[in-house]
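Below is the file final_0.csv, which contains CSV, C-alpha atoms.
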chain,number,residue,atom,x,y,z
A,1,MET,CA,-57.2,-30.8,27.1
A,2,PRO,CA,-56.8,-34.5,28.0
A,3,PHE,CA,-58.0,-33.7,31.5
A,4,ILE,CA,-61.3,-32.3,30.1
A,5,SER,CA,-61.7,-35.3,27.9
A,6,GLU,CA,-61.0,-37.8,30.7
A,7,ALA,CA,-63.4,-35.9,33.0
A,8,ALA,CA,-66.1,-35.8,30.3
A,9,SER,CA,-65.7,-39.5,29.6
A,10,ALA,CA,-65.9,-40.4,33.3
A,11,ILE,CA,-69.0,-38.3,33.7
A,12,LYS,CA,-70.6,-39.7,30.6
A,13,SER,CA,-69.9,-43.3,31.6
A,14,ARG,CA,-71.0,-42.7,35.2
A,15,PHE,CA,-74.0,-40.5,34.7
A,16,GLY,CA,-74.8,-40.1,31.0
A,17,LEU,CA,-76.6,-43.4,30.5
A,18,GLU,CA,-77.7,-44.1,34.1
A,19,ASP,CA,-80.1,-41.2,34.9
A,20,GLN,CA,-81.0,-37.8,33.6
A,21,SER,CA,-80.9,-36.0,37.0
A,22,LEU,CA,-77.4,-34.7,36.4
A,23,GLY,CA,-77.8,-31.3,34.7
A,24,SER,CA,-75.8,-29.6,32.0
A,25,ILE,CA,-72.0,-29.3,32.4
A,26,SER,CA,-70.7,-25.9,31.4
A,27,LEU,CA,-67.0,-25.7,30.6
A,28,VAL,CA,-65.8,-22.1,30.9
A,29,ARG,CA,-62.6,-20.8,29.4
A,30,SER,CA,-61.6,-17.6,31.1
A,31,SER,CA,-58.8,-16.0,33.0
A,32,GLN,CA,-60.7,-15.5,36.2
A,33,ASN,CA,-62.5,-18.0,38.6
A,34,LEU,CA,-65.5,-18.6,41.0
A,35,SER,CA,-65.7,-19.4,44.7
A,36,GLN,CA,-68.2,-21.4,46.7
A,37,SER,CA,-69.5,-20.8,50.1
A,38,SER,CA,-70.1,-23.8,52.4
A,39,ALA,CA,-73.5,-22.5,53.8
A,40,VAL,CA,-76.0,-25.4,53.8
A,41,ARG,CA,-79.8,-25.3,53.9
A,42,MET,CA,-82.1,-28.2,54.2
A,43,LEU,CA,-85.0,-28.6,51.8
A,44,ASP,CA,-88.1,-30.8,52.3
A,45,GLU,CA,-89.2,-32.4,49.0
A,46,ARG,CA,-92.7,-33.9,49.2
A,47,ASP,CA,-95.1,-35.3,46.6
A,48,ASP,CA,-98.9,-34.9,46.6
A,49,HIS,CA,-99.3,-37.8,49.0
A,50,GLY,CA,-96.9,-36.3,51.6
A,51,ALA,CA,-94.1,-38.7,50.9
A,52,GLY,CA,-90.7,-37.2,50.4
A,53,THR,CA,-87.1,-36.6,51.6
A,54,MET,CA,-85.0,-34.0,53.2
A,55,THR,CA,-82.1,-32.8,50.9
A,56,GLN,CA,-79.2,-30.4,51.4
A,57,SER,CA,-78.8,-27.3,49.3
A,58,PHE,CA,-75.5,-25.4,49.3
A,59,GLU,CA,-75.5,-21.6,49.1
A,60,LEU,CA,-73.1,-20.1,46.5
A,61,SER,CA,-71.4,-16.7,46.8
A,62,GLU,CA,-69.7,-14.5,44.4
A,63,ASP,CA,-65.9,-14.2,44.6
A,64,PRO,CA,-64.2,-12.6,41.6
A,65,SER,CA,-60.7,-13.6,42.9
A,66,PHE,CA,-61.6,-17.2,42.1
A,67,TRP,CA,-61.4,-16.4,38.4
A,68,LYS,CA,-57.9,-14.9,38.5
A,69,ASP,CA,-55.8,-18.1,38.6
A,70,HIS,CA,-57.5,-20.6,36.4
A,71,ASN,CA,-58.0,-20.9,32.7
A,72,VAL,CA,-60.7,-23.6,32.5
A,73,GLN,CA,-63.5,-24.1,35.0
A,74,VAL,CA,-66.0,-27.0,35.0
A,75,ILE,CA,-69.4,-26.2,36.5
A,76,ILE,CA,-72.0,-28.9,37.1
A,77,ARG,CA,-75.6,-27.8,37.3
A,78,ILE,CA,-78.0,-30.4,38.7
A,79,ARG,CA,-81.5,-30.1,37.3
A,80,PRO,CA,-84.7,-30.9,39.3
A,81,LEU,CA,-86.3,-34.4,38.9
A,82,SER,CA,-89.1,-34.4,36.4
A,83,ILE,CA,-92.6,-35.4,37.3
A,84,SER,CA,-92.3,-38.6,35.3
A,85,GLU,CA,-89.0,-39.5,37.2
A,86,ILE,CA,-90.7,-38.8,40.5
A,87,SER,CA,-93.7,-41.0,39.6
A,88,LEU,CA,-91.4,-43.8,38.6
A,89,GLN,CA,-88.7,-43.7,41.2
A,90,GLY,CA,-89.8,-41.3,43.9
A,91,TYR,CA,-87.2,-38.7,45.0
A,92,ASN,CA,-84.3,-41.2,44.7
A,93,ARG,CA,-81.4,-39.7,42.7
A,94,CYS,CA,-78.3,-41.2,41.2
A,95,VAL,CA,-76.1,-38.3,42.5
A,96,ARG,CA,-75.7,-36.7,45.8
A,97,GLN,CA,-74.2,-33.3,46.3
A,98,ASP,CA,-71.7,-33.3,49.1
A,99,SER,CA,-70.5,-29.7,48.9
A,100,CYS,CA,-70.4,-26.8,46.5
A,101,GLN,CA,-67.6,-28.6,44.7
A,102,THR,CA,-68.3,-32.3,45.0
A,103,ILE,CA,-71.0,-34.8,43.9
A,104,THR,CA,-71.1,-38.5,44.6
A,105,TRP,CA,-72.6,-41.1,42.2
A,106,THR,CA,-74.6,-43.3,44.5
A,107,GLY,CA,-74.3,-46.5,42.4
A,108,HIS,CA,-72.1,-49.4,43.2
A,109,PRO,CA,-69.3,-48.6,43.9
A,110,GLU,CA,-69.9,-45.1,45.0
A,111,SER,CA,-67.7,-42.6,43.2
A,112,ARG,CA,-66.9,-39.0,44.2
A,113,PHE,CA,-66.2,-36.3,41.7
A,114,THR,CA,-64.8,-32.8,42.4
A,115,PHE,CA,-65.4,-29.8,40.1
A,116,ASP,CA,-64.9,-26.0,40.3
A,117,LEU,CA,-68.6,-25.5,41.2
A,118,VAL,CA,-71.6,-27.7,41.6
A,119,ALA,CA,-74.9,-25.8,41.4
A,120,ASP,CA,-78.0,-27.6,42.6
A,121,GLU,CA,-81.5,-27.2,41.2
A,122,ASN,CA,-82.2,-24.2,43.6
A,123,VAL,CA,-79.5,-22.0,42.0
A,124,SER,CA,-81.3,-19.3,39.9
A,125,GLN,CA,-80.3,-18.3,36.4
A,126,GLU,CA,-79.4,-14.9,37.7
A,127,MET,CA,-77.0,-16.3,40.4
A,128,LEU,CA,-75.4,-18.6,37.8
A,129,PHE,CA,-74.9,-15.6,35.5
A,130,LYS,CA,-73.3,-13.6,38.4
A,131,LEU,CA,-71.0,-16.4,39.2
A,132,SER,CA,-69.8,-17.2,35.7
A,133,GLY,CA,-71.2,-14.9,33.1
A,134,VAL,CA,-70.2,-11.5,34.6
A,135,PRO,CA,-66.5,-12.5,35.1
A,136,MET,CA,-66.4,-13.7,31.5
A,137,VAL,CA,-67.7,-10.4,30.2
A,138,GLU,CA,-65.2,-8.5,32.4
A,139,ASN,CA,-62.4,-10.7,30.9
A,140,CYS,CA,-63.6,-9.9,27.4
A,141,MET,CA,-63.6,-6.2,28.2
A,142,GLY,CA,-60.1,-6.6,29.6
A,143,GLY,CA,-58.9,-8.1,26.3
A,144,TYR,CA,-59.0,-11.8,27.1
A,145,ASN,CA,-60.9,-14.5,25.1
A,146,SER,CA,-63.7,-16.3,26.9
A,147,CYS,CA,-65.9,-19.2,25.9
A,148,MET,CA,-68.7,-21.1,27.6
A,149,PHE,CA,-70.5,-24.2,26.3
A,150,ALA,CA,-72.9,-26.7,27.7
A,151,TYR,CA,-72.5,-30.4,27.6
A,152,GLY,CA,-74.8,-33.2,28.7
A,153,GLN,CA,-77.3,-35.8,27.5
A,154,THR,CA,-80.7,-35.0,26.0
A,155,GLY,CA,-83.0,-33.6,28.7
A,156,SER,CA,-80.2,-32.6,31.1
A,157,GLY,CA,-80.9,-28.8,30.9
A,158,LYS,CA,-78.4,-27.4,28.5
A,159,THR,CA,-80.9,-25.2,26.6
A,160,HIS,CA,-82.5,-24.0,29.8
A,161,THR,CA,-79.1,-23.0,31.2
A,162,MET,CA,-77.9,-21.3,28.0
A,163,LEU,CA,-81.1,-19.8,26.7
A,164,GLY,CA,-83.7,-20.1,29.4
A,165,ASP,CA,-87.1,-18.4,28.9
A,166,ILE,CA,-87.2,-15.5,26.5
A,167,GLU,CA,-90.5,-13.8,26.2
A,168,GLY,CA,-91.9,-14.3,22.6
A,169,GLY,CA,-90.0,-11.9,20.4
A,170,THR,CA,-90.4,-8.8,22.5
A,171,GLY,CA,-86.7,-8.5,23.1
A,172,ARG,CA,-87.3,-8.3,26.9
A,173,HIS,CA,-85.9,-11.0,29.1
A,174,SER,CA,-87.8,-12.9,31.8
A,175,VAL,CA,-86.3,-13.6,35.2
A,176,ASN,CA,-85.6,-17.1,33.9
A,177,CYS,CA,-83.6,-16.1,30.8
A,178,GLY,CA,-80.4,-18.0,30.4
A,179,MET,CA,-76.7,-17.2,30.1
A,180,THR,CA,-76.6,-16.2,26.4
A,181,PRO,CA,-79.1,-13.3,26.6
A,182,ARG,CA,-77.7,-12.2,29.9
A,183,VAL,CA,-74.1,-12.2,28.6
A,184,PHE,CA,-75.0,-10.2,25.5
A,185,GLU,CA,-77.1,-7.7,27.5
A,186,TYR,CA,-74.3,-7.2,30.0
A,187,LEU,CA,-71.6,-7.1,27.3
A,188,PHE,CA,-73.4,-4.3,25.4
A,189,SER,CA,-74.1,-2.3,28.6
A,190,ARG,CA,-70.4,-2.5,29.4
A,191,ILE,CA,-69.4,-1.4,25.9
A,192,GLN,CA,-71.9,1.5,26.2
A,193,LYS,CA,-70.3,2.5,29.6
A,194,VAL,CA,-66.8,2.5,28.0
A,195,CYS,CA,-68.0,4.6,25.0
A,196,VAL,CA,-69.7,7.2,27.3
A,197,ALA,CA,-66.6,7.5,29.6
Could you express the structure from this file as structure tokens?
Amino acid sequence: MPFISEAASAIKSRFGLEDQSLGSISLVRSSQNLSQSSAVRMLDERDDHGAGTMTQSFELSEDPSFWKDHNVQVIIRIRPLSISEISLQGYNRCVRQDSCQTITWTGHPESRFTFDLVADENVSQEMLFKLSGVPMVENCMGGYNSCMFAYGQTGSGKTHTMLGDIEGGTGRHSVNCGMTPRVFEYLFSRIQKVCVA
């Protein structure tokens, strides 16, 4: 566990107090892993006045074999800039995503960090669930313990990642529901399939 503490301390000292554009950090304990694809797409971010920048977005792909050899995975999710951040600083960010596994803090001196997965603001709740939630449920069904938690400063997107949008008390999930409702729904559907079989 010292590695996780050191990584968390490094992230907190580099990102925690500098800027809120680094999203929640999910630490996943499981006996399977994820894989990333290196497909890159360019996005044009523009404000109401036409000013903006081109940014890279990295495509993620499912690969259940990634989960087989690792016990702990660290997933970084970068949230979009808020309207107030854009009005104050434009589209400038304190982090730059270099690949599906690395981000660079753009302060002085620049520092590069490598993780198991870096998900940018364009990764949907469903894709994140398929990459990390489904393998965790499958591990639970296989008799292994699994745990997921979100870590990050206030406003970094922890609640959005873990709970998302749940339609007011209807028990139905929206397309933006988070990890927790998706994991429980998938877990109970898997249990139902086992009971029927």
Q) For Val72 of chain A, which of A:Cys147, A:Met162, A:Val175, A:Val196 is the closest residue, counting all atoms listed in the file? A) A:Cys147
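Atom CA of Phe184 of chain A sits 26.7 Å away from atom CA of Pro80 of chain A.
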Q. Which value, in Å to one decimal, gives the distance between atom CA of Gly143 of chain A and atom CA of Ile191 of chain A?
A. 12.5 Å
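Across A:Leu128, A:Met148, A:Leu88, A:Val95, the tightest approach to Arg112 of chain A is made by A:Val95 when counting all atoms listed in the file.
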**Q.** Between atom CA of Phe113 of chain A and atom CA of Lys158 of chain A - distance in Å to one decimal
**A.** 20.1 Å
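Across A:Tyr151, A:Glu138, A:Arg93, A:Pro109, the tightest approach to Ile75 of chain A is made by A:Tyr151 when counting all atoms listed in the file.
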Q: List the residues sitting within 12 Å of (-72.0, -4.0, 29.4) in the file's frame, using all atoms listed in the file, as a VMD selection string.
A: chain A and resid 133 to 141 182 to 196
Q) Of the candidates A:Ala197, A:Glu126, A:Thr154, A:Gly142, which shows the shortest atom-to-atom distance to Pro181 of chain A, using all atoms listed in the file? A) A:Glu126
